[in-house]
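Q: Here you go, start.cif (mmCIF, C-alpha atoms and all ligand atoms):
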```
data_coords
#
loop_
_atom_site.label_atom_id
_atom_site.label_comp_id
_atom_site.auth_asym_id
_atom_site.auth_seq_id
_atom_site.Cartn_x
_atom_site.Cartn_y
_atom_site.Cartn_z
CA MET A 157 94.09 150.79 111.21
CA SER A 158 94.24 152.39 114.62
CA PRO A 159 91.30 151.38 116.83
CA THR A 160 91.34 154.93 118.22
CA LEU A 161 90.41 156.60 114.90
CA THR A 162 87.56 159.02 115.59
CA TYR A 163 85.73 160.91 112.86
CA LYS A 164 82.53 162.87 112.22
CA ALA A 165 79.52 161.10 110.73
CA ALA A 166 75.99 162.38 110.04
CA TYR A 167 73.03 160.81 111.85
CA PHE A 168 69.40 161.49 110.93
CA ARG A 169 65.97 161.09 112.45
CA SER A 170 64.29 163.33 109.87
CA PRO A 171 65.55 165.91 107.36
CA GLU A 172 65.08 168.48 110.12
CA SER A 173 66.95 166.44 112.70
CA VAL A 174 70.57 165.86 111.74
CA VAL A 175 73.55 165.66 114.02
CA LEU A 176 77.24 165.24 113.26
CA LYS A 177 78.56 162.86 115.88
CA ASP A 178 82.05 161.71 116.72
CA THR A 179 82.27 158.06 115.75
CA THR A 180 84.92 155.58 116.87
CA PRO A 181 84.52 152.22 115.12
CA GLY A 182 87.16 150.65 117.38
CA ALA A 183 88.83 147.38 116.44
CA LEU A 184 87.62 146.22 113.03
CA PRO A 185 87.73 142.75 111.44
CA SER A 186 90.98 141.99 109.59
CA THR A 187 88.87 141.67 106.41
CA ASP A 188 87.95 145.37 106.59
CA ALA A 189 89.36 148.36 104.74
CA MET A 190 89.02 152.00 105.78
CA LEU A 191 88.12 154.74 103.32
CA ARG A 192 88.64 158.44 103.75
CA VAL A 193 85.31 159.52 102.19
CA ASP A 194 85.62 162.07 99.36
CA ALA A 195 81.97 162.03 98.26
CA CYS A 196 78.72 160.26 99.06
CA GLY A 197 75.53 160.46 97.02
CA ILE A 198 72.05 160.60 98.56
CA CYS A 199 69.76 157.91 97.20
CA GLY A 200 65.99 157.37 97.12
CA THR A 201 66.41 154.57 99.66
CA ASP A 202 68.05 157.01 102.09
CA ILE A 203 65.34 159.59 101.46
CA ASN A 204 62.54 157.07 102.07
CA ALA A 205 64.13 155.89 105.30
CA ILE A 206 64.54 159.43 106.59
CA MET A 207 61.08 160.57 105.47
CA ARG A 208 59.47 157.59 107.22
CA GLY A 209 61.28 158.85 110.29
CA ALA A 210 63.75 156.84 112.30
CA ALA A 211 63.19 156.05 115.98
CA GLU A 212 66.82 156.80 116.71
CA ASP A 213 69.72 158.62 115.10
CA THR A 214 70.48 156.70 111.92
CA PRO A 215 73.62 156.82 109.77
CA VAL A 216 73.02 156.79 105.99
CA GLY A 217 74.87 156.95 102.67
CA HIS A 218 75.82 153.99 100.49
CA GLU A 219 77.03 155.69 97.29
CA VAL A 220 80.61 156.16 98.41
CA ALA A 221 83.88 157.25 96.78
CA GLY A 222 87.05 157.85 98.73
CA ARG A 223 90.69 157.03 99.20
CA VAL A 224 92.00 153.93 100.90
CA VAL A 225 93.59 154.53 104.29
CA ALA A 226 96.88 152.69 104.93
CA ALA A 227 97.55 150.61 108.05
CA ASP A 228 99.49 153.52 109.59
CA GLY A 229 96.45 155.79 109.19
CA SER A 230 97.78 157.81 106.24
CA VAL A 231 95.47 158.49 103.30
CA THR A 232 96.84 156.87 100.13
CA HIS A 233 96.34 157.95 96.50
CA ARG A 234 94.25 154.83 95.84
CA HIS A 235 90.86 156.16 94.72
CA ALA A 236 88.10 153.64 95.26
CA VAL A 237 84.35 153.17 95.36
CA LEU A 238 82.46 150.63 97.44
CA GLU A 239 80.26 147.92 96.01
CA SER A 240 77.14 148.13 98.16
CA SER A 241 77.37 144.34 98.44
CA SER A 242 79.85 141.79 97.13
CA ALA A 243 79.67 138.12 96.21
CA CYS A 244 81.79 136.06 98.60
CA GLY A 245 83.45 134.02 95.84
CA ARG A 246 83.49 130.92 98.04
CA CYS A 247 79.93 129.66 98.62
CA ILE A 248 78.32 126.91 96.53
CA SER A 249 76.43 129.42 94.36
CA CYS A 250 79.55 131.51 93.64
CA ARG A 251 81.56 128.37 92.84
CA ASN A 252 78.74 127.09 90.69
CA GLY A 253 78.93 130.13 88.39
CA GLN A 254 75.97 131.94 89.95
CA PRO A 255 77.48 134.76 92.02
CA GLU A 256 74.18 136.66 91.62
CA LEU A 257 72.71 134.04 93.98
CA CYS A 258 75.60 134.25 96.49
CA ARG A 259 74.57 132.82 99.86
CA ASP A 260 77.11 134.79 101.89
CA VAL A 261 77.01 138.33 100.47
CA LYS A 262 79.47 140.71 102.14
CA THR A 263 77.98 144.14 102.75
CA PHE A 264 78.46 147.21 104.89
CA PHE A 265 74.66 147.48 105.08
CA ALA A 266 74.70 144.99 107.94
CA ARG A 267 76.75 147.40 110.05
CA PRO A 268 76.35 150.86 111.63
CA PHE A 269 78.94 152.71 109.48
CA PHE A 270 77.79 154.62 106.39
CA GLY A 271 79.12 157.12 103.89
CA ILE A 272 77.85 160.58 104.91
CA ALA A 273 80.90 160.85 107.11
CA GLU A 274 84.60 161.68 107.04
CA TYR A 275 85.64 158.02 107.09
CA MET A 276 83.92 154.71 106.48
CA PRO A 277 85.07 151.17 107.25
CA ALA A 278 83.80 148.49 104.85
CA PRO A 279 84.62 144.93 103.81
CA GLU A 280 87.86 144.95 101.80
CA ILE A 281 86.21 142.72 99.17
CA SER A 282 83.83 145.62 98.35
CA VAL A 283 86.63 148.12 97.56
CA LEU A 284 87.03 148.78 93.83
CA ASP A 285 89.64 151.19 92.43
CA TYR A 286 88.66 153.83 89.89
CA GLU A 287 90.35 156.52 87.82
CA GLY A 288 89.50 159.16 85.26
CA MET A 289 86.57 160.88 86.99
CA SER A 290 85.74 163.03 89.99
CA PRO A 291 84.72 161.38 93.28
CA GLU A 292 81.21 162.80 92.84
CA VAL A 293 80.81 161.09 89.48
CA ALA A 294 82.38 157.89 90.86
CA THR A 295 79.63 157.70 93.53
CA LEU A 296 77.14 157.23 90.68
CA SER A 297 78.62 153.79 89.99
CA GLU A 298 76.41 152.43 92.78
CA PRO A 299 73.01 153.50 91.37
CA LEU A 300 74.25 152.93 87.81
CA ALA A 301 75.07 149.30 88.66
CA VAL A 302 71.45 149.02 89.84
CA ALA A 303 70.19 150.54 86.57
CA ILE A 304 72.40 148.16 84.55
CA ASP A 305 70.88 145.17 86.34
CA LEU A 306 67.39 146.57 85.68
CA ALA A 307 68.03 147.11 81.96
CA SER A 308 69.90 143.86 81.40
CA THR A 309 67.16 141.83 83.12
CA ALA A 310 64.88 143.13 80.34
CA GLU A 311 67.14 142.08 77.42
CA ILE A 312 66.67 145.21 75.29
CA THR A 313 67.28 144.76 71.54
CA PRO A 314 67.27 147.21 68.59
CA GLN A 315 63.59 146.43 68.02
CA SER A 316 62.57 147.09 71.61
CA VAL A 317 60.09 149.83 72.41
CA VAL A 318 60.96 150.80 75.97
CA LEU A 319 58.94 152.60 78.61
CA VAL A 320 60.83 153.82 81.68
CA ALA A 321 58.44 154.52 84.56
CA GLY A 322 59.77 157.08 87.03
CA LEU A 323 62.54 159.62 86.39
CA GLY A 324 64.69 159.58 89.48
CA PRO A 325 68.44 159.14 88.89
CA ILE A 326 68.03 155.39 88.24
CA GLY A 327 65.15 155.99 85.83
CA LEU A 328 67.24 158.55 83.96
CA MET A 329 70.15 156.11 83.84
CA ALA A 330 67.77 153.43 82.55
CA VAL A 331 66.73 155.77 79.71
CA ARG A 332 70.38 156.22 78.80
CA LEU A 333 71.10 152.47 78.99
CA ALA A 334 68.09 151.72 76.77
CA LYS A 335 69.48 154.21 74.24
CA LEU A 336 72.96 152.64 74.43
CA ALA A 337 71.37 149.20 73.91
CA GLY A 338 69.89 150.49 70.65
CA ALA A 339 66.19 150.59 71.58
CA ALA A 340 63.96 151.65 68.68
CA TYR A 341 61.80 154.04 70.71
CA ILE A 342 61.94 155.18 74.33
CA TYR A 343 59.12 156.62 76.44
CA ALA A 344 59.64 158.07 79.89
CA SER A 345 56.72 158.57 82.27
CA THR A 346 57.02 161.62 84.50
CA TYR A 347 55.17 164.69 85.79
CA ARG A 348 54.96 168.25 84.53
CA GLY A 349 57.15 170.69 86.43
CA ARG A 350 60.08 168.32 86.94
CA ASP A 351 61.93 170.39 84.39
CA LYS A 352 65.52 169.30 85.01
CA ARG A 353 64.70 165.57 84.98
CA ASN A 354 62.42 165.85 81.99
CA ALA A 355 65.01 167.77 79.95
CA LEU A 356 67.75 165.31 80.89
CA ALA A 357 65.57 162.33 79.94
CA GLN A 358 65.30 163.77 76.45
CA GLU A 359 69.02 164.50 76.32
CA PHE A 360 69.74 160.92 77.44
CA GLY A 361 67.61 159.50 74.63
CA ALA A 362 63.90 159.56 75.51
CA ASP A 363 61.86 160.05 72.33
CA GLU A 364 58.66 160.97 74.16
CA LEU A 365 57.73 162.06 77.66
CA ILE A 366 54.32 160.99 78.92
CA TYR A 367 52.86 162.95 81.80
CA GLU A 368 51.03 161.01 84.48
CA ASP A 369 49.33 164.16 85.74
CA GLU A 370 47.62 164.47 82.32
CA THR A 371 46.55 160.84 81.92
CA PRO A 372 47.22 158.11 84.48
CA LEU A 373 49.68 155.56 83.08
CA ALA A 374 47.14 152.71 83.43
CA ASP A 375 44.81 154.47 80.96
CA ARG A 376 47.43 155.32 78.33
CA LYS A 377 47.27 153.93 74.83
CA LEU A 378 50.73 154.22 73.30
CA ASP A 379 51.63 153.69 69.66
CA PRO A 380 54.02 151.97 69.29
CA ALA A 381 53.16 150.05 72.47
CA PRO A 382 56.13 149.31 74.75
CA ASP A 383 57.34 145.72 74.89
CA VAL A 384 59.93 146.47 77.58
CA ILE A 385 58.85 148.37 80.68
CA LEU A 386 61.48 149.37 83.24
CA SER A 387 59.75 150.41 86.45
CA THR A 388 61.56 152.47 89.08
CA VAL A 389 58.35 153.50 90.87
CA PRO A 390 57.07 151.96 94.15
CA PRO A 391 55.73 148.38 93.86
CA THR A 392 52.14 149.54 94.39
CA ALA A 393 52.35 151.53 91.11
CA ILE A 394 53.59 148.64 88.94
CA GLY A 395 50.08 147.45 88.05
CA ALA A 396 49.57 150.67 86.07
CA CYS A 397 52.20 149.45 83.56
CA VAL A 398 49.87 146.68 82.32
CA GLY A 399 47.56 149.18 80.55
CA PRO A 400 50.03 150.56 77.99
CA ALA A 401 52.06 147.31 77.65
CA ALA A 402 52.27 145.58 74.25
CA ARG A 403 51.30 141.91 73.96
CA GLY A 404 54.23 139.82 75.16
CA ALA A 405 55.84 142.71 77.02
CA VAL A 406 58.33 142.20 79.83
CA ILE A 407 57.94 144.40 82.91
CA VAL A 408 61.06 144.62 85.08
CA TYR A 409 60.99 146.46 88.37
CA ILE A 410 63.20 147.61 91.17
CA GLY A 411 61.87 149.19 94.31
CA VAL A 412 61.11 147.89 97.75
CA GLY A 413 57.79 148.28 99.52
CA HIS A 414 57.43 149.24 103.17
CA GLY A 415 54.38 148.56 105.33
CA ASP A 416 51.26 149.09 103.25
CA THR A 417 53.28 149.60 100.03
CA ASP A 418 54.70 146.07 100.27
CA HIS A 419 52.51 144.49 97.58
CA ILE A 420 51.87 144.48 93.82
CA HIS A 421 48.35 144.51 92.37
CA LEU A 422 48.03 143.41 88.74
CA PRO A 423 44.91 143.34 86.57
CA ALA A 424 45.11 139.57 86.22
CA ASN A 425 43.11 139.05 83.04
CA ALA A 426 44.89 141.78 81.08
CA PHE A 427 48.21 140.42 82.34
CA HIS A 428 47.24 136.91 81.22
CA PHE A 429 45.67 137.66 77.84
CA LYS A 430 48.48 140.04 76.88
CA LYS A 431 51.00 137.27 77.75
CA LEU A 432 53.02 139.62 79.95
CA GLN A 433 56.00 138.75 82.13
CA LEU A 434 56.98 140.39 85.41
CA ARG A 435 60.61 140.16 86.54
CA SER A 436 62.32 141.66 89.56
CA SER A 437 65.78 143.17 89.47
CA PHE A 438 67.73 143.15 92.72
CA ALA A 439 71.34 144.19 92.15
CA SER A 440 72.76 142.50 95.22
CA PRO A 441 75.53 141.49 95.02
CA ALA A 442 76.47 144.57 92.97
CA LEU A 443 78.06 142.66 90.11
CA ARG A 444 77.96 145.46 87.53
CA THR A 445 80.07 148.09 89.33
CA PRO A 446 83.09 147.73 86.98
CA LEU A 447 80.86 148.28 83.93
CA ALA A 448 79.20 151.22 85.68
CA LEU A 449 82.61 152.82 86.31
CA ASP A 450 83.59 152.26 82.69
CA LEU A 451 80.39 153.87 81.38
CA LEU A 452 81.01 156.88 83.62
CA ARG A 453 84.72 157.18 82.78
CA THR A 454 84.03 157.10 79.03
CA ARG A 455 80.99 159.40 79.50
CA ARG A 456 78.71 157.02 77.69
CA VAL A 457 76.69 157.86 80.78
CA ASP A 458 77.51 161.49 81.55
CA GLY A 459 77.50 161.59 85.33
CA GLU A 460 78.07 165.34 85.62
CA LYS A 461 74.64 165.91 84.09
CA LEU A 462 72.97 163.96 86.90
CA ILE A 463 74.67 165.82 89.75
CA THR A 464 72.72 168.98 90.53
CA HIS A 465 73.81 169.77 94.09
CA ARG A 466 76.97 169.42 96.17
CA TYR A 467 77.13 170.11 99.92
CA PRO A 468 79.90 169.84 102.52
CA LEU A 469 79.41 167.36 105.36
CA ALA A 470 78.56 170.21 107.75
CA ASP A 471 75.48 170.90 105.60
CA ALA A 472 74.31 167.27 105.37
CA GLY A 473 70.89 168.26 106.73
CA GLU A 474 70.36 170.80 103.96
CA ALA A 475 71.57 168.22 101.42
CA ILE A 476 68.95 165.73 102.61
CA ARG A 477 66.22 168.39 102.69
CA VAL A 478 66.91 169.36 99.07
CA ALA A 479 67.08 165.71 97.96
CA CYS A 480 63.75 164.98 99.70
CA ARG A 481 61.76 168.02 98.66
CA ASP A 482 63.06 169.75 95.53
CA LYS A 483 61.85 167.45 92.75
CA ALA A 484 61.83 170.37 90.30
CA ASN A 485 65.54 171.13 90.54
CA ALA A 486 67.35 168.31 92.33
CA ILE A 487 68.38 165.13 90.56
CA LYS A 488 71.42 163.76 92.41
CA VAL A 489 72.60 165.46 95.58
CA VAL A 490 76.13 164.62 96.74
CA VAL A 491 77.83 165.33 100.07
CA VAL A 492 81.49 166.18 99.49
CA ASN A 493 84.47 166.28 101.86
CA ASN A 494 87.23 168.66 100.86
ZN ZN B 1 70.84 153.52 96.49
ZN ZN B 2 79.05 133.46 97.48
#
```
Translate the structure of the given file into structure tokens.
Ligand SMILES: [Zn+2]
Ligand SMILES: [Zn+2]
A:
Amino acid sequence: MSPTLTYKAAYFRSPESVVLKDTTPGALPSTDAMLRVDACGICGTDINAIMRGAAEDTPVGHEVAGRVVAADGSVTHRHAVLESSSACGRCISCRNGQPELCRDVKTFFARPFFGIAEYMPAPEISVLDYEGMSPEVATLSEPLAVAIDLASTAEITPQSVVLVAGLGPIGLMAVRLAKLAGAAYIYASTYRGRDKRNALAQEFGADELIYEDETPLADRKLDPAPDVILSTVPPTAIGACVGPAARGAVIVYIGVGHGDTDHIHLPANAFHFKKLQLRSSFASPALRTPLALDLLRTRRVDGEKLITHRYPLADAGEAIRVACRDKANAIKVVVVNN
């Protein structure tokens, strides 16, 4: 790859402050690949970072699909996504059959090059070929791999009664995965007015929507009571799941706290006497990307239904604004390079 390659990439300080800057990565490690980016999804993590406000121009975008660039700089026909992090395959944990505990994870997150851009360099080990779907749908393999880890950490069976808390894209995917796993009954907690998400949750398999603006989740009595709770809400909201939980329920959560949201409060006695379990799901390394691609290719998870907005790179600011603010209409917003 030529060290003189220069391309446009989006940098944010806030949704209102976006610049497209010329970026020259220069000489890259020999273990790197270069992608010509075809599409990059905007994720809740990106939105939170931008809404908190960055002190300096910050590149974002980790849901990436593109084509591999050859050594001579030409764009090949090899369509690929990026694992957001990859097990090294060599450390003691990897060699001991526990790649999920890899001690030397390879990830582009440690570097200043991200996917809302024309090109993106990334560790070669993270490049995974795909076929049979559009680049926009392929970008969903990243959040879907997260949702797969969330759902599989809960061990859903055909007798499970599942509650999914939070209906962002990962929550919606979790509803679908619970349905595919054969859950007996699926609740989704949401808010009135989020019409697109609420309708899609039902289409993906939710039997009942429960509205937090009617009754706070902590005060809900549900019949049947959920014995699997998949939480995609901020950590500070997890304690509310104890109220409706069945005896013996497993609560699994994703979501990272920042500053004063970096804690979990649980009603300790209810948690104890109900014999509950709390498990965290952290899909790094992203070990379920091949399964995610297969679910998307076969439409067992219909990615097109999640994608509500597409914007060209030049309109990356508008894409971020819509993703941040339009909870009624936006589910997944994707930036696309033609
Ligand atoms: Zn993400
Ligand atoms: Zn390893």
Q: Quick one: residues within 12 Å of ligand ZN 2 (chain B), with all atoms listed in the file, as a PyMOL selection string?
A: chain A and resi 241-263+281+440-441+443
Q: So, with only C-alpha atoms as the atoms that count, which of A:Ala470, A:Ile206, A:Val318, A:Leu306 lies closest to Ala334 in chain A?
A: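 Distance minimum relative to Ala334 in chain A lands on A:Val318.
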Q: Check which residues of chain A sit at most 10 Å from ligand ZN 1 (chain B) using all atoms listed in the file, and return one row each with the closest pair of atoms and their distance in Å to one decimal, ordered by chain and rising number, as JSON lines.
A:
```
{"residue": "A:Gly197", "atom": "CA", "partner": "B:ZN1", "partner_atom": "ZN", "distance": 8.4}
{"residue": "A:Ile198", "atom": "CA", "partner": "B:ZN1", "partner_atom": "ZN", "distance": 7.5}
{"residue": "A:Cys199", "atom": "CA", "partner": "B:ZN1", "partner_atom": "ZN", "distance": 4.6}
{"residue": "A:Gly200", "atom": "CA", "partner": "B:ZN1", "partner_atom": "ZN", "distance": 6.2}
{"residue": "A:Thr201", "atom": "CA", "partner": "B:ZN1", "partner_atom": "ZN", "distance": 5.5}
{"residue": "A:Asp202", "atom": "CA", "partner": "B:ZN1", "partner_atom": "ZN", "distance": 7.2}
{"residue": "A:Ile203", "atom": "CA", "partner": "B:ZN1", "partner_atom": "ZN", "distance": 9.6}
{"residue": "A:Gly217", "atom": "CA", "partner": "B:ZN1", "partner_atom": "ZN", "distance": 8.1}
{"residue": "A:His218", "atom": "CA", "partner": "B:ZN1", "partner_atom": "ZN", "distance": 6.4}
{"residue": "A:Glu219", "atom": "CA", "partner": "B:ZN1", "partner_atom": "ZN", "distance": 6.6}
{"residue": "A:Ser240", "atom": "CA", "partner": "B:ZN1", "partner_atom": "ZN", "distance": 8.5}
{"residue": "A:Leu296", "atom": "CA", "partner": "B:ZN1", "partner_atom": "ZN", "distance": 9.3}
{"residue": "A:Glu298", "atom": "CA", "partner": "B:ZN1", "partner_atom": "ZN", "distance": 6.8}
{"residue": "A:Pro299", "atom": "CA", "partner": "B:ZN1", "partner_atom": "ZN", "distance": 5.6}
{"residue": "A:Leu300", "atom": "CA", "partner": "B:ZN1", "partner_atom": "ZN", "distance": 9.3}
{"residue": "A:Ala301", "atom": "CA", "partner": "B:ZN1", "partner_atom": "ZN", "distance": 9.8}
{"residue": "A:Val302", "atom": "CA", "partner": "B:ZN1", "partner_atom": "ZN", "distance": 8.1}
{"residue": "A:Pro325", "atom": "CA", "partner": "B:ZN1", "partner_atom": "ZN", "distance": 9.8}
{"residue": "A:Ile326", "atom": "CA", "partner": "B:ZN1", "partner_atom": "ZN", "distance": 8.9}
```
Q: Quick one: residues within 6 Å of Gly222 in chain A, all atoms listed in the file, excluding same-chain residues fewer than 5 positions away - as a list in words?
A: Leu191, Arg192, Val193, Asp194, His235 and Ala236 of chain A
Q: Using all atoms listed in the file, list the residues that have an atom at most 12 Å from (66.4, 161.0, 73.1), coordinates as in the file, as a PyMOL selection string.
A: chain A and resi 318+328+331-336+338-344+354-365
Q: Can you tell me, as a list of chain:residue names, what residues are no more than 12 Å from Pro423 in chain A when counting all atoms listed in the file, ignoring any on the same chain fewer than 4 positions away?
A: A:Ala374, A:Ala393, A:Ile394, A:Gly395, A:Ala396, A:Cys397, A:Val398, A:Gly399, A:Phe427, A:His428, A:Phe429, A:Lys430, A:Leu432
Q: Would you list the residues near (85.1, 156.4, 99.1) (no more than 10 Å away, in the coordinates of the file, using only C-alpha atoms) as a PDB file with C-alpha atoms, in the frame of the given file?
A:
```
ATOM      1  CA  MET A 190      89.020 152.000 105.780  1.00  0.00           C
ATOM      2  CA  LEU A 191      88.120 154.740 103.320  1.00  0.00           C
ATOM      3  CA  ARG A 192      88.640 158.440 103.750  1.00  0.00           C
ATOM      4  CA  VAL A 193      85.310 159.520 102.190  1.00  0.00           C
ATOM      5  CA  ASP A 194      85.620 162.070  99.360  1.00  0.00           C
ATOM      6  CA  ALA A 195      81.970 162.030  98.260  1.00  0.00           C
ATOM      7  CA  CYS A 196      78.720 160.260  99.060  1.00  0.00           C
ATOM      8  CA  HIS A 218      75.820 153.990 100.490  1.00  0.00           C
ATOM      9  CA  GLU A 219      77.030 155.690  97.290  1.00  0.00           C
ATOM     10  CA  VAL A 220      80.610 156.160  98.410  1.00  0.00           C
ATOM     11  CA  ALA A 221      83.880 157.250  96.780  1.00  0.00           C
ATOM     12  CA  GLY A 222      87.050 157.850  98.730  1.00  0.00           C
ATOM     13  CA  ARG A 223      90.690 157.030  99.200  1.00  0.00           C
ATOM     14  CA  VAL A 224      92.000 153.930 100.900  1.00  0.00           C
ATOM     15  CA  ARG A 234      94.250 154.830  95.840  1.00  0.00           C
ATOM     16  CA  HIS A 235      90.860 156.160  94.720  1.00  0.00           C
ATOM     17  CA  ALA A 236      88.100 153.640  95.260  1.00  0.00           C
ATOM     18  CA  VAL A 237      84.350 153.170  95.360  1.00  0.00           C
ATOM     19  CA  LEU A 238      82.460 150.630  97.440  1.00  0.00           C
ATOM     20  CA  GLY A 271      79.120 157.120 103.890  1.00  0.00           C
ATOM     21  CA  GLU A 274      84.600 161.680 107.040  1.00  0.00           C
ATOM     22  CA  TYR A 275      85.640 158.020 107.090  1.00  0.00           C
ATOM     23  CA  MET A 276      83.920 154.710 106.480  1.00  0.00           C
ATOM     24  CA  PRO A 277      85.070 151.170 107.250  1.00  0.00           C
ATOM     25  CA  ALA A 278      83.800 148.490 104.850  1.00  0.00           C
ATOM     26  CA  VAL A 283      86.630 148.120  97.560  1.00  0.00           C
ATOM     27  CA  LEU A 284      87.030 148.780  93.830  1.00  0.00           C
ATOM     28  CA  ASP A 285      89.640 151.190  92.430  1.00  0.00           C
ATOM     29  CA  PRO A 291      84.720 161.380  93.280  1.00  0.00           C
ATOM     30  CA  GLU A 292      81.210 162.800  92.840  1.00  0.00           C
ATOM     31  CA  ALA A 294      82.380 157.890  90.860  1.00  0.00           C
ATOM     32  CA  THR A 295      79.630 157.700  93.530  1.00  0.00           C
TER      33      THR A 295
END
```
Q: Can you tell me how far CA of Thr417 in chain A sits from CA of Ile312 in chain A, in Å to one decimal?
A: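 Going from CA of Thr417 in chain A over to CA of Ile312 in chain A, I get 28.5 Å.
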Q: Between CA of Pro185 in chain A and CA of Glu280 in chain A, what is the distance, to one decimal in Å?
A: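 Those two atoms sit 9.9 Å apart.
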Q: Pick the closest to Pro314 in chain A from A:Val231, A:Tyr409, A:Ala337, A:His421: which is it, counting only C-alpha atoms?
A: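 Between A:Val231, A:Tyr409, A:Ala337, A:His421, the residue approaching Pro314 in chain A most closely is A:Ala337.
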Q: Rank A:Val406, A:Ala205, A:Ala183, A:Arg348 by their smallest atom-to-atom distance to Ile366 in chain A, using all atoms listed in the file, and report the top residue only.
A: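 Between A:Val406, A:Ala205, A:Ala183, A:Arg348, the residue approaching Ile366 in chain A most closely is A:Arg348.
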Q: When distances are computed from all atoms listed in the file, which of A:Ile463, A:Ala426, A:Leu184, A:Val317 shows the smallest separation from Pro159 in chain A?
A: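 Smallest separation from Pro159 in chain A among the options: A:Leu184.
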Q: Using all atoms listed in the file for the distances, tell me which of A:Leu161, A:Val408, A:Met329, A:Ile385 is nearest to Leu373 in chain A.
A: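 When distances to Leu373 in chain A are compared using all atoms listed in the file, the smallest one comes from A:Ile385.
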Q: Set the distance at 10 Å and use all atoms listed in the file: which residues neighbour Tyr347 in chain A once local chain neighbours fewer than 6 positions away are removed? I'd like the list as a VMD selection string.
A: chain A and resid 322 to 323 353 to 354 365 to 370 484
Q: If you measure from CA of Val389 in chain A to CA of Gly324 in chain A, what distance in Å do you get, rounded to one decimal?
A: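 Distance reported for this atom pair: 8.9 Å.
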Q: Which of these residues is nearest to Thr388 in chain A, using all atoms listed in the file: A:Arg376, A:Asp228, A:Ser316, A:Ser345?
A: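 For Thr388 in chain A, the nearest of the candidates is A:Ser345.
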Q: Report as lines of an AutoDock Vina configuration file the centre and the edge lengths, in Å to one decimal, of the axis-aligned box holding every listed atom of range 225-229 of chain A, padded by 5 Å on each side.
A:
```
center_x = 96.5
center_y = 153.2
center_z = 106.9
size_x = 15.9
size_y = 15.2
size_z = 15.3
```
Q: Write out as a count of residues only each polymer residue whose atoms come within 8 Å of Asp418 in chain A, counting all atoms listed in the file; drop sequence neighbours fewer than 6 positions from it.
A: 3
Q: Can you take range 347-357 of chain A from the block and write N, CA, C and O atoms as an mmCIF file, in the first residue's frame?
A:
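Below is the file that was written, selection35.cif:
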```cif
data_model
loop_
_atom_site.group_PDB
_atom_site.id
_atom_site.type_symbol
_atom_site.label_atom_id
_atom_site.label_comp_id
_atom_site.auth_asym_id
_atom_site.auth_seq_id
_atom_site.Cartn_x
_atom_site.Cartn_y
_atom_site.Cartn_z
ATOM 1 N N TYR A 347 -40.654 2.822 24.635
ATOM 2 C CA TYR A 347 -41.427 4.030 24.926
ATOM 3 C C TYR A 347 -42.451 4.235 23.826
ATOM 4 O O TYR A 347 -42.225 3.833 22.680
ATOM 5 N N ARG A 348 -43.558 4.875 24.174
ATOM 6 C CA ARG A 348 -44.541 5.237 23.157
ATOM 7 C C ARG A 348 -43.921 6.265 22.210
ATOM 8 O O ARG A 348 -43.066 7.045 22.609
ATOM 9 N N GLY A 349 -44.331 6.231 20.961
ATOM 10 C CA GLY A 349 -43.851 7.218 19.995
ATOM 11 C C GLY A 349 -42.660 6.733 19.178
ATOM 12 O O GLY A 349 -42.340 7.331 18.168
ATOM 13 N N ARG A 350 -42.011 5.659 19.632
ATOM 14 C CA ARG A 350 -40.888 5.132 18.834
ATOM 15 C C ARG A 350 -41.454 4.113 17.843
ATOM 16 O O ARG A 350 -41.175 2.907 17.912
ATOM 17 N N ASP A 351 -42.266 4.644 16.924
ATOM 18 C CA ASP A 351 -43.156 3.778 16.147
ATOM 19 C C ASP A 351 -42.410 2.753 15.305
ATOM 20 O O ASP A 351 -42.786 1.587 15.252
ATOM 21 N N LYS A 352 -41.351 3.191 14.637
ATOM 22 C CA LYS A 352 -40.639 2.261 13.743
ATOM 23 C C LYS A 352 -40.040 1.107 14.538
ATOM 24 O O LYS A 352 -40.151 -0.054 14.161
ATOM 25 N N ARG A 353 -39.364 1.438 15.647
ATOM 26 C CA ARG A 353 -38.722 0.394 16.456
ATOM 27 C C ARG A 353 -39.766 -0.542 17.049
ATOM 28 O O ARG A 353 -39.577 -1.760 17.094
ATOM 29 N N ASN A 354 -40.847 0.048 17.543
ATOM 30 C CA ASN A 354 -41.853 -0.766 18.209
ATOM 31 C C ASN A 354 -42.510 -1.732 17.218
ATOM 32 O O ASN A 354 -42.742 -2.904 17.531
ATOM 33 N N ALA A 355 -42.779 -1.234 16.009
ATOM 34 C CA ALA A 355 -43.384 -2.107 14.988
ATOM 35 C C ALA A 355 -42.413 -3.211 14.584
ATOM 36 O O ALA A 355 -42.802 -4.377 14.412
ATOM 37 N N LEU A 356 -41.129 -2.854 14.456
ATOM 38 C CA LEU A 356 -40.153 -3.865 14.029
ATOM 39 C C LEU A 356 -39.938 -4.912 15.124
ATOM 40 O O LEU A 356 -39.738 -6.101 14.833
ATOM 41 N N ALA A 357 -39.992 -4.489 16.390
ATOM 42 C CA ALA A 357 -39.855 -5.462 17.486
ATOM 43 C C ALA A 357 -40.935 -6.527 17.366
ATOM 44 O O ALA A 357 -40.672 -7.726 17.529
#
```
